[in-house]
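Contents: one structure, followed by commentary.
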4 protein chains.
Amino acid sequence: MISSPDKKGIIARMSSFIYDNNGNIEHADQHIDSETNTFFMRIEWSLDGFNLVREDILPSLQPLIDEFNMQCSLHFSFMIPRVAIFVSKELHCLYDLLLKHQSGQLKCEIPLIISNHAEARQIADFFNIKFMEFPITADNKELQEKEEINIIKEEKIDLIVLARYMQILNGSFVREFPNRIINIHHSFLPAFAGKNPYRKAYEKGVKVIGATSHYVTEDLDKGPIIEQDTVRISHRDSLNDLVRKGEDIEKIVLGRAVRWHLERKILVYNNKTVIFD
Amino acid sequence: MISSPDKKGIIARMSSFIYDNNGNIEHADQHIDSETNTFFMRIEWSLDGFNLVREDILPSLQPLIDEFNMQCSLHFSFMIPRVAIFVSKELHCLYDLLLKHQSGQLKCEIPLIISNHAEARQIADFFNIKFMEFPITADNKELQEKEEINIIKEEKIDLIVLARYMQILNGSFVREFPNRIINIHHSFLPAFAGKNPYRKAYEKGVKVIGATSHYVTEDLDKGPIIEQDTVRISHRDSLNDLVRKGEDIEKIVLGRAVRWHLERKILVYNNKTVIFD
Amino acid sequence: MISSPDKKGIIARMSSFIYDNNGNIEHADQHIDSETNTFFMRIEWSLDGFNLVREDILPSLQPLIDEFNMQCSLHFSFMIPRVAIFVSKELHCLYDLLLKHQSGQLKCEIPLIISNHAEARQIADFFNIKFMEFPITADNKELQEKEEINIIKEEKIDLIVLARYMQILNGSFVREFPNRIINIHHSFLPAFAGKNPYRKAYEKGVKVIGATSHYVTEDLDKGPIIEQDTVRISHRDSLNDLVRKGEDIEKIVLGRAVRWHLERKILVYNNKTVIFD
Amino acid sequence: MISSPDKKGIIARMSSFIYDNNGNIEHADQHIDSETNTFFMRIEWSLDGFNLVREDILPSLQPLIDEFNMQCSLHFSFMIPRVAIFVSKELHCLYDLLLKHQSGQLKCEIPLIISNHAEARQIADFFNIKFMEFPITADNKELQEKEEINIIKEEKIDLIVLARYMQILNGSFVREFPNRIINIHHSFLPAFAGKNPYRKAYEKGVKVIGATSHYVTEDLDKGPIIEQDTVRISHRDSLNDLVRKGEDIEKIVLGRAVRWHLERKILVYNNKTVIFD
């Protein structure tokens, strides 16, 4: 994935680089942000018969990267990302991710579930996943998070998914994993940020509720939005009905965000996301 | 339409009142707000063969109203409401209302269009509707609004629709017409209240935009929400694309709100709305 | 729940019957089919302090039933319905129902899972539900279904849910349980009835796919529709993507249909459904 | 726009062709149909400073076209397409197209409205568009259509939009304008093809209705689908309500299809459409 100040010839030069080295482009997608005149590109090509060995690709690209002043990241599809799921007492998103993983929709390993409560242990056992409980209090939070960071590093985790994890992570934790923590917030952000979004929506009398998945930054509920969706409600819906209807949307929205991240389809720019096709 | 502290027997007593006077109930809908234990009912019955003349209905109901401590309003379907439309330079909502009126979807008369600009005059002429231009400046606003109030009263207007009217009405105007001014706001409230909601949505990087119709109160963009809807956008959509996609939603959302109001299906309670079926 | 040729006074008489016996109406909803002039009503009232014992209610209503020529059914909310789930190899709908049941969204017991394959056994075990495998061939189908009918009766099952059960039930089976078998079909019926709806949708090049839950009748995929929903697709979506997107919709649509049935909110009429609020 | 049997190097060669001639690519989008292994590409580049004059572009591309066995079409954005609208008595789609054109959303000229009735004449006059009435009977149909073809050719019409034109065009007419006639059908095809789709949907008891825009082929309602959308309905909606709700969807779906066609974003392949971003 590439971002660059928009410049004539970048598609030609990149695609020729691949072609000249006998690569076959399987997917390519471009986007130009017309406000900042920035160019974004994602190219996926097959290494079958490619002239360069893996470790030579980036060095060989360096002249192009310099010439076009690109931000460039390179991923190999045989590297299966490792995911840790954080969860509290609400288990529907956790279940949904595990089932989507089981059915092959999420190309990753899920070696670790972390929780500040015990509720998810039984599920973790059923799915044969290591479960670690870190109860959080105001006093032990920093210490516990340090411990969590250590384990995440030991386990070589690539992506952390907050699947209804009801603790606010400290800045020190968030800074360790930039654009590598995905949260699901149970409202249509920027409306109803923070606690109890369903209650706030109920009291406001909105006619549509939503869910938002986003990368976690130090600003609570303000990180780059990856995906959102909404569902209609009416005056007949009680607060419980909102929760029930919302859960279906949360699962869908979080599932999409995690899948796109794993497929390397998300590029963060300017606190917004480009989602390549 | 009735609201009342929930009390046993209210449906039986109201429906018996109508039946005993030889009325035929054509529609009835109830709702109980479980948080405040308030009962809401809308009953529509035919006056064919009804034993009471119109002016006797409310007095005859008075004992029931007192007993159940009801809020009660009575409307006759042969009274066609009169609507004034306020508009500025964006004409899509105005056009849509006029076309829906023309095709019989909105049971009302539309004798008056008021604008702070001249753009809508030609349309008003084509549809044979009186058009009045009231240019608004900081200095003349209060005076002009007084004039508008006078005309609205002269014209016996029942409902004012702000169809993308880009002026904030003074409190003195709003207080004259409680629950009788419907606005369309081009965002999913409470997100992006105030000016330039599409630009704010664009800059925030949301993946869904919306529109909200609500009754106007003195708190800007905070009146009871009548209807909302949303549409998906992506990073590919420019600000202009948001405007274009939003316009289709604005028309639909405003059209529904106006129709429901005209059909007496909206009951305002606690700064929220009950929309009867 | 009541259906009746529309007749003056029916709401008054029914609600008075309840009120006169000291019942408190908690929900009431009516509908008039204007084409056939048929009246439908659902009334839910509390038996706290009600003057009649349960077995006397229907006999006491009999004069009203006769007078208005009503179809009338009476249910008690303390009677928890018993549900059997039929499933084949695709397990996402089964999982979803079990999780919604576990979280309290479905007020029922689920004592039995029946399958023509072995895949669901492990899940059944995890959720402590009796699992029975009935492999089906052209030869043994009638016999196996007879066996299934016996077990369903022994287990006093009130509702059968076909959660992606890929066998067509014989008429003899279907006739045993009128309006008591709910199926999920993975298309927007009446489009793409029968086998392989996702492949048919893919080949047709539609831009929206859907799912339909309906009561099973002897006409394949033609029973009364309970609920439908749709999701957008594009030319970029492969057949696998359609399956993946469709699964989320199937779960939602089936979950709603089962919940409404359990809450006694569905009335079948003229091969269509009335869904009371 | 290009389609080609998928072959290594096509992106590199095409983009280099443009770059080598000093063109600047403004948009590019690719798609590979994995079932047929066909490659599709749309490239939009600026002619500012381009080395080739317009008439030399295609000849210069010929070697590439031959080498990759491409289907290739070339359009210039300064060529404003000319559109004729066909309409019968329902005018909402006509109005919507004219308003979207007026507000600049549709980059085209609309010099001609043709109808088999007189209802649209007044609108045509208001928008200063030539209106021609061709009453159609079984007897005069072929003759009238011949006349229409002549006028369409005289007027150099590029696109014909059937905006609720309730006549079935003869094969001889359709064959004159392959992939240049867009129809709006008021159902979710392939469900409810042919006459009276709203009535059929009403009688079937579906819970969602839709609209479909497609290119017209000789097979009635079976041409390549360009766009579809849906809206929820319930048992409370009368046939008139379906019509009203459907109209809003029809306008949106037809508006999108016409815009995409005018922006050269649609590629027809295998009786399906690729819609480039």
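Naming scheme: A, B, ... for chains in displayed order of the structure tokens; residues 1 onward per chain; ligands 1 onward as shown.
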
Write down, as a PDB file with N, CA and C atoms, in the first residue's frame, each residue of chain C that has any atom within 8 Å of an atom of chain D, counting only C-alpha atoms.
```pdb
ATOM      1  N   HIS C  31     -55.669  -4.252  13.248  1.00  0.00           N
ATOM      2  CA  HIS C  31     -55.403  -4.030  11.829  1.00  0.00           C
ATOM      3  C   HIS C  31     -56.662  -4.375  11.052  1.00  0.00           C
ATOM      4  N   SER C  34     -58.182  -3.765   4.263  1.00  0.00           N
ATOM      5  CA  SER C  34     -59.229  -3.014   3.585  1.00  0.00           C
ATOM      6  C   SER C  34     -59.730  -3.727   2.335  1.00  0.00           C
ATOM      7  N   LEU C 189     -37.359 -13.982  -1.628  1.00  0.00           N
ATOM      8  CA  LEU C 189     -38.480 -14.619  -2.326  1.00  0.00           C
ATOM      9  C   LEU C 189     -39.489 -13.566  -2.770  1.00  0.00           C
ATOM     10  N   PRO C 190     -40.168 -13.755  -3.913  1.00  0.00           N
ATOM     11  CA  PRO C 190     -40.242 -14.960  -4.723  1.00  0.00           C
ATOM     12  C   PRO C 190     -39.062 -15.128  -5.698  1.00  0.00           C
ATOM     13  N   ALA C 191     -38.070 -14.264  -5.650  1.00  0.00           N
ATOM     14  CA  ALA C 191     -36.931 -14.464  -6.539  1.00  0.00           C
ATOM     15  C   ALA C 191     -36.068 -15.610  -6.026  1.00  0.00           C
ATOM     16  N   LYS C 204     -27.383 -13.971 -12.258  1.00  0.00           N
ATOM     17  CA  LYS C 204     -28.306 -12.953 -12.760  1.00  0.00           C
ATOM     18  C   LYS C 204     -27.683 -11.564 -12.704  1.00  0.00           C
ATOM     19  N   GLY C 205     -26.728 -11.361 -11.813  1.00  0.00           N
ATOM     20  CA  GLY C 205     -26.111 -10.041 -11.704  1.00  0.00           C
ATOM     21  C   GLY C 205     -26.935  -9.030 -10.935  1.00  0.00           C
ATOM     22  N   VAL C 206     -27.711  -9.494  -9.956  1.00  0.00           N
ATOM     23  CA  VAL C 206     -28.480  -8.547  -9.133  1.00  0.00           C
ATOM     24  C   VAL C 206     -27.531  -7.707  -8.294  1.00  0.00           C
ATOM     25  N   LYS C 207     -28.009  -6.574  -7.841  1.00  0.00           N
ATOM     26  CA  LYS C 207     -27.192  -5.647  -7.060  1.00  0.00           C
ATOM     27  C   LYS C 207     -27.569  -5.670  -5.580  1.00  0.00           C
ATOM     28  N   VAL C 208     -28.573  -6.451  -5.229  1.00  0.00           N
ATOM     29  CA  VAL C 208     -29.022  -6.602  -3.847  1.00  0.00           C
ATOM     30  C   VAL C 208     -29.388  -8.066  -3.659  1.00  0.00           C
ATOM     31  N   PRO C 224     -46.453 -18.428   3.813  1.00  0.00           N
ATOM     32  CA  PRO C 224     -46.597 -17.026   4.226  1.00  0.00           C
ATOM     33  C   PRO C 224     -45.261 -16.439   4.701  1.00  0.00           C
ATOM     34  N   ILE C 225     -44.883 -15.324   4.112  1.00  0.00           N
ATOM     35  CA  ILE C 225     -43.619 -14.667   4.441  1.00  0.00           C
ATOM     36  C   ILE C 225     -43.741 -13.944   5.775  1.00  0.00           C
ATOM     37  N   ILE C 226     -42.803 -14.200   6.664  1.00  0.00           N
ATOM     38  CA  ILE C 226     -42.797 -13.541   7.974  1.00  0.00           C
ATOM     39  C   ILE C 226     -41.890 -12.328   7.961  1.00  0.00           C
ATOM     40  N   GLU C 227     -40.704 -12.479   7.398  1.00  0.00           N
ATOM     41  CA  GLU C 227     -39.753 -11.369   7.428  1.00  0.00           C
ATOM     42  C   GLU C 227     -38.765 -11.513   6.280  1.00  0.00           C
ATOM     43  N   GLN C 228     -38.293 -10.366   5.788  1.00  0.00           N
ATOM     44  CA  GLN C 228     -37.285 -10.338   4.735  1.00  0.00           C
ATOM     45  C   GLN C 228     -36.344  -9.177   4.989  1.00  0.00           C
ATOM     46  N   ASP C 229     -35.135  -9.322   4.518  1.00  0.00           N
ATOM     47  CA  ASP C 229     -34.226  -8.186   4.535  1.00  0.00           C
ATOM     48  C   ASP C 229     -33.227  -8.365   3.401  1.00  0.00           C
ATOM     49  N   THR C 230     -32.517  -7.285   3.081  1.00  0.00           N
ATOM     50  CA  THR C 230     -31.635  -7.305   1.918  1.00  0.00           C
ATOM     51  C   THR C 230     -30.299  -6.656   2.258  1.00  0.00           C
ATOM     52  N   ARG C 232     -26.711  -4.938   0.026  1.00  0.00           N
ATOM     53  CA  ARG C 232     -26.166  -4.576  -1.281  1.00  0.00           C
ATOM     54  C   ARG C 232     -24.959  -5.435  -1.641  1.00  0.00           C
ATOM     55  N   SER C 234     -22.021  -5.964  -5.149  1.00  0.00           N
ATOM     56  CA  SER C 234     -21.551  -5.318  -6.383  1.00  0.00           C
ATOM     57  C   SER C 234     -20.879  -6.367  -7.260  1.00  0.00           C
ATOM     58  N   HIS C 235     -20.457  -5.926  -8.443  1.00  0.00           N
ATOM     59  CA  HIS C 235     -19.778  -6.854  -9.357  1.00  0.00           C
ATOM     60  C   HIS C 235     -18.496  -7.386  -8.734  1.00  0.00           C
ATOM     61  N   ARG C 236     -17.969  -6.698  -7.725  1.00  0.00           N
ATOM     62  CA  ARG C 236     -16.728  -7.167  -7.102  1.00  0.00           C
ATOM     63  C   ARG C 236     -16.944  -8.385  -6.221  1.00  0.00           C
ATOM     64  N   SER C 238     -17.632 -11.953  -5.189  1.00  0.00           N
ATOM     65  CA  SER C 238     -17.631 -13.301  -5.733  1.00  0.00           C
ATOM     66  C   SER C 238     -18.812 -14.061  -5.143  1.00  0.00           C
ATOM     67  N   ASN C 271     -52.489 -16.619   3.224  1.00  0.00           N
ATOM     68  CA  ASN C 271     -51.097 -16.899   2.863  1.00  0.00           C
ATOM     69  C   ASN C 271     -50.173 -15.684   3.023  1.00  0.00           C
ATOM     70  N   LYS C 272     -50.588 -14.729   3.836  1.00  0.00           N
ATOM     71  CA  LYS C 272     -49.756 -13.593   4.201  1.00  0.00           C
ATOM     72  C   LYS C 272     -49.706 -13.512   5.730  1.00  0.00           C
ATOM     73  N   THR C 273     -48.852 -12.660   6.264  1.00  0.00           N
ATOM     74  CA  THR C 273     -48.802 -12.521   7.712  1.00  0.00           C
ATOM     75  C   THR C 273     -49.107 -11.095   8.150  1.00  0.00           C
ATOM     76  N   VAL C 274     -49.813 -11.003   9.262  1.00  0.00           N
ATOM     77  CA  VAL C 274     -49.933  -9.758  10.014  1.00  0.00           C
ATOM     78  C   VAL C 274     -48.942  -9.869  11.166  1.00  0.00           C
ATOM     79  N   ILE C 275     -48.033  -8.904  11.281  1.00  0.00           N
ATOM     80  CA  ILE C 275     -47.072  -8.906  12.393  1.00  0.00           C
ATOM     81  C   ILE C 275     -47.473  -7.796  13.354  1.00  0.00           C
TER      82      ILE C 275
END
```

**OP:** From region 46-90 of chain B, collect each residue whose DSSP state is strand (DSSP E) and return the set as number ranges by chain.
**Re:** B: 46, 71-72, 82-87

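Computed from the coordinates, the CA of Gln102 (chain C) to CA of Leu47 (chain C) distance equals 27.6 Å.
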
**OP:** May I have the residues within 8 Å of region 67-79 of chain C as JSON, numbers by chain, using only C-alpha atoms and disregarding those fewer than 4 positions away in the same chain?
**Re:** {"C": [1, 2, 3, 4, 5, 7, 10, 58, 63, 264]}

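Look at Phe17 (chain C): the protein and nucleic acid residues within 10 Å of it, using only C-alpha atoms and passing over chain neighbours fewer than 6 places away, are Ala12 of chain B; Ile11, Gly23, Ser60, Leu61 and Leu64 of chain C.
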
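For the residues A:Thr38, A:Asn183, A:Pro81, A:Asn170, ranking by smallest atom-to-atom distance to Ala138 (chain A) using only C-alpha atoms places A:Asn170 first.
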
From a DSSP pass on the backbone, collect the residues of region 5-215 of chain B flagged as helix (DSSP H, G or I) and hand them back as a tab-separated table (two decimals) with N, CA and C atoms, in the first residue's frame.
```tsv
chain	number	residue	atom	x	y	z
B	10	ILE	N	-58.96	2.29	30.28
B	10	ILE	CA	-59.06	3.45	29.40
B	10	ILE	C	-59.45	3.05	27.98
B	11	ILE	N	-58.91	1.93	27.48
B	11	ILE	CA	-59.29	1.50	26.13
B	11	ILE	C	-60.76	1.11	26.10
B	12	ALA	N	-61.17	0.35	27.09
B	12	ALA	CA	-62.58	-0.09	27.15
B	12	ALA	C	-63.52	1.11	27.21
B	13	ARG	N	-63.17	2.08	28.03
B	13	ARG	CA	-64.06	3.22	28.20
B	13	ARG	C	-64.11	4.10	26.96
B	14	MET	N	-62.96	4.34	26.35
B	14	MET	CA	-62.94	5.18	25.15
B	14	MET	C	-63.65	4.48	24.00
B	15	SER	N	-63.36	3.20	23.80
B	15	SER	CA	-63.97	2.53	22.66
B	15	SER	C	-65.47	2.35	22.89
B	16	SER	N	-65.87	2.17	24.14
B	16	SER	CA	-67.30	2.07	24.42
B	16	SER	C	-68.00	3.39	24.19
B	17	PHE	N	-67.32	4.48	24.54
B	17	PHE	CA	-67.91	5.81	24.28
B	17	PHE	C	-68.26	5.95	22.80
B	18	ILE	N	-67.34	5.53	21.97
B	18	ILE	CA	-67.57	5.67	20.52
B	18	ILE	C	-68.66	4.70	20.06
B	19	TYR	N	-68.57	3.46	20.53
B	19	TYR	CA	-69.54	2.44	20.14
B	19	TYR	C	-70.94	2.79	20.62
B	20	ASP	N	-71.05	3.26	21.85
B	20	ASP	CA	-72.35	3.60	22.42
B	20	ASP	C	-73.00	4.75	21.67
B	54	ARG	N	-70.62	17.47	15.90
B	54	ARG	CA	-69.20	17.71	16.15
B	54	ARG	C	-68.93	18.51	17.41
B	55	GLU	N	-69.69	19.57	17.60
B	55	GLU	CA	-69.36	20.45	18.73
B	55	GLU	C	-69.73	19.81	20.07
B	56	ASP	N	-70.49	18.73	20.03
B	56	ASP	CA	-70.85	18.07	21.30
B	56	ASP	C	-69.86	16.97	21.71
B	57	ILE	N	-68.97	16.62	20.82
B	57	ILE	CA	-68.12	15.47	21.12
B	57	ILE	C	-67.22	15.75	22.32
B	58	LEU	N	-66.46	16.83	22.27
B	58	LEU	CA	-65.52	17.11	23.37
B	58	LEU	C	-66.24	17.28	24.70
B	59	PRO	N	-67.32	18.08	24.75
B	59	PRO	CA	-68.05	18.19	26.04
B	59	PRO	C	-68.52	16.83	26.56
B	60	SER	N	-68.98	15.98	25.66
B	60	SER	CA	-69.45	14.66	26.10
B	60	SER	C	-68.31	13.80	26.62
B	61	LEU	N	-67.12	14.05	26.10
B	61	LEU	CA	-65.95	13.28	26.54
B	61	LEU	C	-65.39	13.80	27.87
B	62	GLN	N	-65.82	15.01	28.26
B	62	GLN	CA	-65.18	15.68	29.40
B	62	GLN	C	-65.12	14.82	30.66
B	63	PRO	N	-66.19	14.12	31.00
B	63	PRO	CA	-66.10	13.28	32.22
B	63	PRO	C	-64.98	12.24	32.13
B	64	LEU	N	-64.86	11.61	30.97
B	64	LEU	CA	-63.78	10.63	30.77
B	64	LEU	C	-62.41	11.31	30.88
B	65	ILE	N	-62.30	12.46	30.23
B	65	ILE	CA	-61.03	13.21	30.25
B	65	ILE	C	-60.64	13.52	31.69
B	66	ASP	N	-61.62	13.96	32.48
B	66	ASP	CA	-61.33	14.30	33.87
B	66	ASP	C	-60.96	13.05	34.67
B	67	GLU	N	-61.74	12.00	34.48
B	67	GLU	CA	-61.52	10.79	35.27
B	67	GLU	C	-60.12	10.22	35.06
B	68	PHE	N	-59.69	10.22	33.78
B	68	PHE	CA	-58.39	9.61	33.49
B	68	PHE	C	-57.26	10.64	33.41
B	92	HIS	N	-34.55	21.49	-3.75
B	92	HIS	CA	-34.97	20.10	-3.97
B	92	HIS	C	-36.08	19.67	-3.03
B	93	CYS	N	-36.02	20.10	-1.76
B	93	CYS	CA	-37.08	19.69	-0.83
B	93	CYS	C	-38.40	20.39	-1.16
B	94	LEU	N	-38.31	21.65	-1.54
B	94	LEU	CA	-39.52	22.37	-1.95
B	94	LEU	C	-40.19	21.66	-3.12
B	95	TYR	N	-39.42	21.38	-4.17
B	95	TYR	CA	-39.95	20.68	-5.33
B	95	TYR	C	-40.60	19.37	-4.91
B	96	ASP	N	-39.91	18.63	-4.08
B	96	ASP	CA	-40.40	17.31	-3.71
B	96	ASP	C	-41.74	17.41	-2.97
B	97	LEU	N	-41.86	18.37	-2.08
B	97	LEU	CA	-43.13	18.54	-1.36
B	97	LEU	C	-44.25	18.93	-2.32
B	98	LEU	N	-43.94	19.83	-3.25
B	98	LEU	CA	-44.98	20.27	-4.19
B	98	LEU	C	-45.43	19.12	-5.08
B	99	LEU	N	-44.47	18.28	-5.50
B	99	LEU	CA	-44.83	17.15	-6.36
B	99	LEU	C	-45.61	16.10	-5.57
B	100	LYS	N	-45.22	15.87	-4.32
B	100	LYS	CA	-45.97	14.91	-3.51
B	100	LYS	C	-47.37	15.44	-3.23
B	101	HIS	N	-47.48	16.74	-3.07
B	101	HIS	CA	-48.80	17.34	-2.89
B	101	HIS	C	-49.63	17.18	-4.16
B	102	GLN	N	-49.01	17.47	-5.28
B	102	GLN	CA	-49.69	17.38	-6.57
B	102	GLN	C	-50.21	15.96	-6.84
B	121	ARG	N	-39.09	31.72	-6.66
B	121	ARG	CA	-40.27	32.40	-7.20
B	121	ARG	C	-40.84	31.71	-8.43
B	122	GLN	N	-39.96	31.30	-9.35
B	122	GLN	CA	-40.43	30.72	-10.61
B	122	GLN	C	-41.22	29.42	-10.37
B	123	ILE	N	-40.73	28.62	-9.41
B	123	ILE	CA	-41.44	27.38	-9.09
B	123	ILE	C	-42.80	27.69	-8.49
B	124	ALA	N	-42.82	28.65	-7.57
B	124	ALA	CA	-44.08	29.04	-6.95
B	124	ALA	C	-45.08	29.45	-8.03
B	125	ASP	N	-44.60	30.21	-9.00
B	125	ASP	CA	-45.49	30.64	-10.08
B	125	ASP	C	-46.02	29.44	-10.86
B	126	PHE	N	-45.10	28.50	-11.19
B	126	PHE	CA	-45.50	27.33	-11.97
B	126	PHE	C	-46.58	26.53	-11.24
B	141	LYS	N	-34.11	41.23	10.92
B	141	LYS	CA	-34.65	39.90	11.16
B	141	LYS	C	-35.91	39.92	12.02
B	142	GLU	N	-35.86	40.60	13.15
B	142	GLU	CA	-37.01	40.59	14.06
B	142	GLU	C	-38.24	41.19	13.39
B	143	LEU	N	-38.00	42.28	12.70
B	143	LEU	CA	-39.10	42.95	12.02
B	143	LEU	C	-39.70	42.07	10.93
B	144	GLN	N	-38.83	41.48	10.12
B	144	GLN	CA	-39.30	40.63	9.03
B	144	GLN	C	-40.08	39.43	9.58
B	145	GLU	N	-39.58	38.84	10.65
B	145	GLU	CA	-40.27	37.68	11.22
B	145	GLU	C	-41.64	38.09	11.78
B	146	LYS	N	-41.73	39.28	12.32
B	146	LYS	CA	-43.04	39.76	12.80
B	146	LYS	C	-44.02	39.81	11.63
B	147	GLU	N	-43.51	40.35	10.53
B	147	GLU	CA	-44.33	40.43	9.33
B	147	GLU	C	-44.76	39.02	8.88
B	148	GLU	N	-43.82	38.11	8.89
B	148	GLU	CA	-44.12	36.73	8.49
B	148	GLU	C	-45.19	36.13	9.40
B	149	ILE	N	-45.05	36.36	10.70
B	149	ILE	CA	-46.06	35.84	11.64
B	149	ILE	C	-47.44	36.36	11.28
B	150	ASN	N	-47.52	37.66	10.98
B	150	ASN	CA	-48.82	38.23	10.62
B	150	ASN	C	-49.43	37.54	9.42
B	151	ILE	N	-48.61	37.34	8.40
B	151	ILE	CA	-49.12	36.73	7.17
B	151	ILE	C	-49.55	35.29	7.42
B	152	ILE	N	-48.75	34.57	8.19
B	152	ILE	CA	-49.08	33.18	8.51
B	152	ILE	C	-50.42	33.11	9.23
B	153	LYS	N	-50.67	34.06	10.10
B	153	LYS	CA	-51.95	34.06	10.81
B	153	LYS	C	-53.10	34.47	9.88
B	154	GLU	N	-52.84	35.47	9.08
B	154	GLU	CA	-53.87	35.87	8.09
B	154	GLU	C	-54.25	34.70	7.20
B	171	GLY	N	-36.59	32.97	18.83
B	171	GLY	CA	-37.48	32.35	19.81
B	171	GLY	C	-38.89	32.92	19.76
B	172	SER	N	-38.99	34.21	19.50
B	172	SER	CA	-40.32	34.83	19.47
B	172	SER	C	-41.17	34.23	18.34
B	173	PHE	N	-40.53	33.86	17.24
B	173	PHE	CA	-41.25	33.22	16.14
B	173	PHE	C	-41.62	31.79	16.53
B	174	VAL	N	-40.64	31.06	17.01
B	174	VAL	CA	-40.85	29.65	17.33
B	174	VAL	C	-41.96	29.47	18.36
B	175	ARG	N	-41.97	30.34	19.37
B	175	ARG	CA	-42.98	30.21	20.43
B	175	ARG	C	-44.40	30.38	19.91
B	176	GLU	N	-44.55	31.07	18.78
B	176	GLU	CA	-45.89	31.27	18.22
B	176	GLU	C	-46.50	29.97	17.69
B	197	PRO	N	-23.29	20.65	7.98
B	197	PRO	CA	-23.17	19.27	8.44
B	197	PRO	C	-22.50	18.35	7.44
B	198	TYR	N	-22.70	18.56	6.14
B	198	TYR	CA	-22.05	17.67	5.18
B	198	TYR	C	-20.53	17.84	5.23
B	199	ARG	N	-20.09	19.09	5.37
B	199	ARG	CA	-18.64	19.31	5.47
B	199	ARG	C	-18.08	18.65	6.73
B	200	LYS	N	-18.82	18.79	7.82
B	200	LYS	CA	-18.35	18.17	9.07
B	200	LYS	C	-18.28	16.65	8.93
B	201	ALA	N	-19.28	16.09	8.29
B	201	ALA	CA	-19.30	14.63	8.10
B	201	ALA	C	-18.14	14.20	7.21
B	202	TYR	N	-17.88	15.00	6.19
B	202	TYR	CA	-16.78	14.70	5.27
B	202	TYR	C	-15.45	14.72	6.01
B	203	GLU	N	-15.28	15.74	6.84
B	203	GLU	CA	-14.00	15.87	7.56
B	203	GLU	C	-13.84	14.81	8.63
B	204	LYS	N	-14.92	14.39	9.22
B	204	LYS	CA	-14.86	13.37	10.25
B	204	LYS	C	-14.57	11.99	9.65
```

Original post:
Leaving out Gln167 (chain C) and any residue of its chain fewer than 2 positions from it, which residues lie within 9 Å of it when counting only C-alpha atoms, given as a ChimeraX atom specification?
Top reply: /C:88,116,136,164-165,169

Subject >> Shortest interatomic distance to Lys89 (chain B) - which of B:Gly194, B:Gly49, B:Gly104, B:Pro135, counting only C-alpha atoms >> reply: B:Pro135
